[in-house]
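To keep things clear, I will list the structure first and then write my remarks on it.
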Amino acid sequence: MQVTISVVVIFLGMMGYFTVYAMTHREELFNNSYNGRQQILAAQNRRGEIYARNGEKLAETKVDSSGEEKRFYPYGNLFSHAIGYVDKGKMGIESQANYYLIQSSIPVASRAEMGAKGEKNPGDCVYTTFDADLQEAADRAMGIYKGAIIAMDPKTGEILAMVSKPDFDPNEIAAQWDKIVEDEESGTLVNRTTQGLYPPGSTFKIVTALEYIRENPETYSSYRFTCNGSIREGDSVINCYHGTKHGEVDLSRSFAKSCNTSFANIGLMLDREMFTDTLNTLLFNQELPLQCVYNQSSLQILKEDDNGEMMQNAIGQGRTQITPIHLAMITCAVANRGILMKPYMIQRVESAEGAKIKEFSPEEYGALMSQKEASLLKGYMEDVVMNGTGSKLSGLSYTAAGKTGSAEFNSKKEESHAWFTGFAPASDPQIVVTVIIEGAGSGGDYAVPMARRVFDAYLGEKDS
């Protein structure tokens with residue numbers, strides 16, 4: 001009898017688990033390629049349209065005279081990675097919002113009318129957070145370079161623009177598929193904003209400065225170091241960019257001038273266990289609150305690391321790897337008093353007749369740092385623009401704050417990725433922009449002007 005009761009309890013428990021799982025993971029289960037429900041709905045409904053935040057159409061399904069359906073992307077390459085495609089699998093919003101796009105929520109009477117005409121029901125429409133004008137500005141700023149630009153609203157988590165180069169025309173994806181796939185070196189299909197892993201270089205000094213402040217809450221402002229252009233620890237040598245000698249620097253000036261030797265010196269002073277805790281707080285080596293496909297950023301601070309490795313870690317080199325979107329999220333937390341809002345790309349879902357089906361609202365993830373810590377970092381980032389490596393963002397109608405980076409990525413010391421991450425206006429941040437340009441060189445020379453063009457477009461600054 002007891003065995004029977006146990007089996008029944010286990011069976012009921014399993015039923016309850018599977019019921020709850022199916023309810024909480026219905027979109028994931030629906031999008032599984034083995035789920036035949038997709039084919040049934042595709043036969044009944046015409047795939048819904050995708051829009052930018054201000055109503056510009058980004059994707060639609062056209063039907064030719066023979067009744068054949070073709071997915072059409074009016075902006076071509078511009079939203080290639082952000083919106084994606086539906087031929088040869090699914091990518092971007094086409095994949096993320098597939099559950100909604102393939103459904104039709106028009107009234108029963110409208111369905112009957114469509115059925116009488118022998119036509120499919122129009123699918124539900126998805127409105128994204130993307131700003132088409134800002135996307136165009138970011139795309140123009142990137143030009144012919146390889147890399148990524150992502151823009152976010154730090155107060156809401158909305159992703160405003162997402163550019164990855166090289167790109168492709170989703171209208172031609174089926175015809176160009178073999179050529180694109182065979183070209184493994186270019187990585188055209190990789191969305192570099194969410195999947196590209198890069199050494200962060202000096203932008204990582206945001207993290208190192210935060211760790212130093214946490215370990216020295218009463219004395220961080222007393223930090224002093226004399227930079228002679230290089231620092232040696234055993235066989236390891238760290239040089240400042242172009243061998244610049246910064247002289248005596250405090251923490252703020254070390255940050256503004258992006259002094260490698262000072263931050264390498266700081267790296268030697270940090271507690272490894274506490275540094276690991278800070279990395280965990282900032283979401284390294286773990287899942288991010290994202291609904292899209294992404295790669296995890298990584299940095300392991302090991303007990304057996306020698307001092308040379310700690311110096312490399314402190315300046316964002318060595319084993320450190322980060323995605324542009326993760327760096328943008330950390331920057332958003334700095335801009336938003338330490339609070340990270342969950343990034344999202346879909347505003348709402350409507351039926352083809354305009355009835356609201358679902359709305360997505362800003363959602364707080366949590367505090368990555370205290371309000372005081374965020375305020376200190378914000379001040380350091382403002383000084384980067386006013387007195388440091390980000391000076392090409394100074395003298396505008398708005399104020400900006402940020403951090404530049406030049407990240408070595410191979411044995412050729414003269415080659416580096418150009419980074420910038422920052423926000424504007426500095427006093428009341430409305431937009432965060434993160435830029436990486438592969439192999440371009442100095443972040444201050446290449447990434448900052450690109451970020452400025454995105455800031456200008458969003459904040460209404462006219463080209464001078």
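Each chain in the structure tokens gets a letter, A, B and so on, in the order shown; residues start at 1 in every chain, and ligands are counted from 1 in the order they appear.
When the distance limit is 7 Å and only C-alpha atoms are what count, the residues near Ala400 (chain A), minus those fewer than 3 positions from it on the same chain, are Glu382, Val385, Leu393, Phe423, Ala424, Pro425 and Ala426 of chain A.
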request  = Determine, counting only C-alpha atoms, which protein, DNA and RNA residues have an atom within 9 Å of an atom of Phe72 (chain A); residues of the same chain fewer than 6 positions away are not included. Present the result as an NGL selection string.
outcome  = :A and (58-62 or 170-171)
ask   = Contacts of Asn239 (chain A) at 8 Å or less, counting only C-alpha atoms, minus same-chain residues fewer than 6 places along, as a list in words?
value = Gly229, Ser230, Ile231, Asn260 and Thr261 of chain A
task = Using DSSP on the backbone coordinates, identify the residues of region 28-227 of chain A assigned to helix (DSSP H, G or I); present them as an MDAnalysis selection string.
result = chainID A and resid 28:31 37:44 76:83 92:96 98:101 108:116 132:142 170:182 192:195 201:215 220:222
request  = Quick one: everything within 10 Å of Ile213 (chain A), counting only C-alpha atoms, minus sequence neighbours fewer than 6 positions away in the same chain. Send it as a list in words.
outcome  = Val207, Thr219, Tyr220, Ser221, Leu251, Glu373, Leu376 and Leu377 of chain A
Output file for the selection above: N, CA, C and O atoms, as a PDB file, in the first residue's frame:
ATOM      1  N   VAL A 207      36.288  48.297 -14.034  1.00  0.00           N
ATOM      2  CA  VAL A 207      36.166  47.197 -13.082  1.00  0.00           C
ATOM      3  C   VAL A 207      37.294  47.243 -12.059  1.00  0.00           C
ATOM      4  O   VAL A 207      37.071  47.093 -10.847  1.00  0.00           O
ATOM      5  N   THR A 219      40.661  55.058   1.889  1.00  0.00           N
ATOM      6  CA  THR A 219      41.955  55.617   1.471  1.00  0.00           C
ATOM      7  C   THR A 219      42.145  55.687  -0.046  1.00  0.00           C
ATOM      8  O   THR A 219      43.213  56.102  -0.494  1.00  0.00           O
ATOM      9  N   TYR A 220      41.138  55.294  -0.844  1.00  0.00           N
ATOM     10  CA  TYR A 220      41.337  55.277  -2.300  1.00  0.00           C
ATOM     11  C   TYR A 220      41.724  56.634  -2.857  1.00  0.00           C
ATOM     12  O   TYR A 220      42.487  56.746  -3.821  1.00  0.00           O
ATOM     13  N   SER A 221      41.217  57.702  -2.240  1.00  0.00           N
ATOM     14  CA  SER A 221      41.509  59.058  -2.736  1.00  0.00           C
ATOM     15  C   SER A 221      42.948  59.470  -2.446  1.00  0.00           C
ATOM     16  O   SER A 221      43.441  60.460  -3.001  1.00  0.00           O
ATOM     17  N   LEU A 251      44.232  58.236  -8.409  1.00  0.00           N
ATOM     18  CA  LEU A 251      43.353  57.260  -9.054  1.00  0.00           C
ATOM     19  C   LEU A 251      42.560  57.890 -10.189  1.00  0.00           C
ATOM     20  O   LEU A 251      42.429  57.313 -11.274  1.00  0.00           O
ATOM     21  N   GLU A 373      29.491  54.148  -5.239  1.00  0.00           N
ATOM     22  CA  GLU A 373      30.492  53.627  -6.170  1.00  0.00           C
ATOM     23  C   GLU A 373      30.205  54.084  -7.591  1.00  0.00           C
ATOM     24  O   GLU A 373      31.112  54.492  -8.329  1.00  0.00           O
ATOM     25  N   LEU A 376      31.198  57.734  -7.995  1.00  0.00           N
ATOM     26  CA  LEU A 376      32.649  57.911  -8.117  1.00  0.00           C
ATOM     27  C   LEU A 376      33.127  57.554  -9.521  1.00  0.00           C
ATOM     28  O   LEU A 376      33.892  58.308 -10.140  1.00  0.00           O
ATOM     29  N   LEU A 377      32.670  56.403 -10.035  1.00  0.00           N
ATOM     30  CA  LEU A 377      33.070  55.985 -11.381  1.00  0.00           C
ATOM     31  C   LEU A 377      32.560  56.965 -12.432  1.00  0.00           C
ATOM     32  O   LEU A 377      33.259  57.268 -13.410  1.00  0.00           O
TER      33      LEU A 377
END
